[in-house]
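Undergrad: Please find one structure pasted underneath; my questions will follow.
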Amino acid sequence: MSIFVDDHTQVVYQGLTGSQGRFYGLRNRAYGTQVVAGTNPKKAGTDVEGIPIFATVAEAAAETGATVSCVFIPAPGVAAAVMEAAEAGIELVVVITEGVPAHDEGRFFNELLRSYPGTQLLGPNCPGLISPGKCNIGITPGEIAQPGGPVGIVSRSGTLTYQALGEMTSRNIGQTTCVGIGGDPVPGASFIDCLRRFETDPDTEAVIMIGEIGGSAEEEAAAFIRDEMSTPVVAYIAGITAPTGKKMGHAGAIVSGGKGTAETKIAALEAAGCGVATNPSEIGDRMAEVVAGR
Amino acid sequence: MDLFEYQGKQLFARYGIPVSPGEAVTTVDDAVVAADRIGYPVVVKAQVQVGGRGKAGGIKVAADAAEARQHAGAILGMDIKGHVVATLWVEAASDIAAEYYASFTLDRSAKLHLGMLSARGGIDIEQVATDEPGAIARIHVDPVDGLDDATCRAWIDAAGLDPSATDSLVDILLGLYRAYTEGDADLVEINPLVLLADGKAHALDAKVSLDSNAGFRHPEWLEYEATQVLDERERAARARGLNYIGLTGSVGIIGNGAGLVMSTCDVVNQVGGAPANFLDVGGGAGADVLAASIDVVNDDPQVRAILVNIFGGITKCDEVALGIVEALERVTLASPIVVRLDGTNAAEGRIILEERTSDQLVTKPTMLDAARTAVELAAR
């Protein structure tokens with residue numbers, strides 16, 4: 001099994017006719033993903049290497065049965081693209097685009113929550129998700145993933161997600177699904193949204209969670225792991241020694257109230273019973289122990 | 001991107017928030033001319049993006065032209081926590097009856113906007129937040145709904161602000177929320193938000209941090225970018241479009257993706273070294289970006305070894321290798337380079353580098369090995 005997607009998932013690419021959309025859309029199709037449609041109002045009726053282009057997501061979904069969309073639209077158009085997908089009844093919207101304004105993210109996240117509860121957002125600014133051997137949506141290099149499970153991966157960082165996949169595959173440990181939630185201020189799917197699905201997925205027997213400094217998503221995930229998960233979790237937090245950067249005003253410090261540092265995140269995860277790796281190769285070593293001992 | 005106080009006040013004024021009349025100047029003579037025009041008494045304020053300028057002597061009241069000249073001369077060029085004062089804001093002095101606090105920022109946990117309002121404004125607001133969290137009235141604002149008049153009135157009441165000033169405070173809070181949302185700010189803060197002797201509310205300071213992702217719809221931000229204070233290394237890196245933060249160690253770090261670069265800094269520290277910088281080439285960097293990155297890191301005199309750590313996704317490792325080769329041909333390296341390539345086209349990349357391997361160019365298979373080698377080389 002896998003989470004969010006499987007080998008039956010049909011995907012429409014918003015921005016398939018652009019250079020990035022075309023490159024990754026075709027790469028995803030070559031991996032085995034069912035790339036059934038693209039959208040571009042000016043190019044409706046044409047095709048990209050046999051993939052039909054529709055004017056709108058609604059038309060694409062009606063014609064092809066696509067239930068998932070992948071967004072490669074440039075940042076200024078992302079808010080409209082997400083709402084278009086939600087209005088078309090898309091169940092999962094994966095936004096790869098980086099550089100989306102935080103106020104746009106805040107608006108469309110809450111708009112979906114209120115008016116389109118059946119639509120799950122992933123990203124923006126994320127690598128997408130891959131269920132090895134079944135479906136790859138986004139920019140993850142498929143060749144570094146290994147089908148078969150038993151490990152699920154959820155990560156806030158793109159390249160560290162690849163690092164984690166590489167650590168598993170090089171030890172001959174397969175993955176069920178690997179989800180990059182992205183590191184933006186208002187991510188669609190949270191760690192908890194993914195952990196909850198991994199917990200109920202019968203094939204996922206252990207989970208790698210990769211966090212970063214800033215915000216409190218890792219602390220919230222730690223509480224969820226402690227209270228609601230029996231699946232073992234190995235965690236890693238990047239940025240233990242990173243500079244805090246120029247901080248202006250007091251609102252940030254008041255909001256975080258001591259949360260958000262690598263130390264508080266690591267402490268919360270350890271208290272929740274997670275193994276916490278201190279560097280990326282240790283993620284692999286620790287997970288190998290967990291998998292061997294199950 | 002953080003704004004100076006005077007830029008923040010100019011932004012606030014556009015949203016109808018009352019601020020004192022004032023002028024930004026960069027010379028003592030101009031400060032006196034501005035003070036004469038505004039009328040005494042005036043306040044001469046250092047423009048630096050760091051807290052504690054008042055305690056450092058960066059804010060002074062002048063009763064006449066002689067005092068304005070004296071204070072401007074003392075404050076211009078002053079070093080406040082490493083920030084040298086290049087600009088002054090001269091404004092009319094205010095007759096203050098009470099000092100409040102108001103701000104909007106994103107609550108990442110609730111995924112809603114957070115407004116904070118307190119009757120206990122002034123320099124020690126962080127202390128107030130720690131000691132008496134109840135003294136700060138907080139509200140969440142759903143970005144879909146926005147902020148309305150009735151919510152502001154209840155909020156002002158909850159914060160215990162002077163009820164006779166409610167009307168003028170409501171206008172300020174609504175204006176501040178618009179400056180925050182329409183202005184694409186990560187943070188807007190007024191501390192202190194003062195009540196004047198005549199009963200009117202007024203922004204006596206302005207802290208604004210802008211979301212650089214929204215620059216495409218704010219052509220007016222070019223003016224702010226021109227006044228950003230960066231160190232020489234950061235300026236050179238930014239001119240080449242690189243995401244760079246200067247640090248104090250001896251291992252220059254180049255990688256792709258913020259998480260991987262942060263992690264590389266951590267591992268360098270773990271094996272006993274210290275990073276000289278954080279440099280993220282981003283996704284899909286080609287040979288030219290890699291060569292430019294090596295230029296920037298190589299020009300830093302504190303760098304004793306360079307560590308290039310790439311996990312190719314969009315980024316192709318053969319392109320990275322070509323960039324390293326190009327840099328080696330173009331510049332004289334002051335330090336050895338250690339390279340770790342993995343992911344997309346890593347095998348091709350390693351073959352390109354193999355032919356060039358020397359004392360100055362070492363390749364390692366894993367991040368940990370590469371970090372150890374770079375730290376050893378930096379210590380030599």
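In the structure tokens, each chain is lettered A, B, ... as it comes, each chain's residues begin at 1, and ligands are numbered from 1 in order of appearance.
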Quick one: everything within 8 Å of Val325 (chain B), counting only C-alpha atoms, minus sequence neighbours fewer than 3 positions away in the same chain. Send it as JSON, numbers by chain.
TA: {"B": [321, 322, 328, 329, 353, 356]}
Undergrad: Enumerate as a PyMOL selection string the residues belonging to chain B that approach chain A to within 7 Å, with only C-alpha atoms taken into account.
TA: chain B and resi 50+103+105+108-109+111-112+126+129+143-144+181+184+189+207+211+213-214+257+259-260+262-263+265-267+311+313-314+343-344
Undergrad: For a quick check of understanding, using only C-alpha atoms, which of A:Ala164, A:Ile153, A:Cys194, A:Ala271 has the smallest distance to Thr176 (chain A)?
TA: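 Of A:Ala164, A:Ile153, A:Cys194, A:Ala271, the one nearest Thr176 (chain A) is A:Ile153, counting only C-alpha atoms.
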Undergrad: What does the distance between CA of Ala137 (chain B) and CA of Leu117 (chain B) come to in Å, to one decimal place?
TA: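 Pair CA of Ala137 (chain B) / CA of Leu117 (chain B) returns 5.2 Å.
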Undergrad: Run DSSP on the backbone and give me the residues of region 102-324 of chain B it puts in strand (DSSP E or B), as number ranges by chain.
TA: B: 102-107, 112-118, 136-141, 185-196, 201-203, 207-210, 243-246, 251-255, 275, 277-280, 305-312
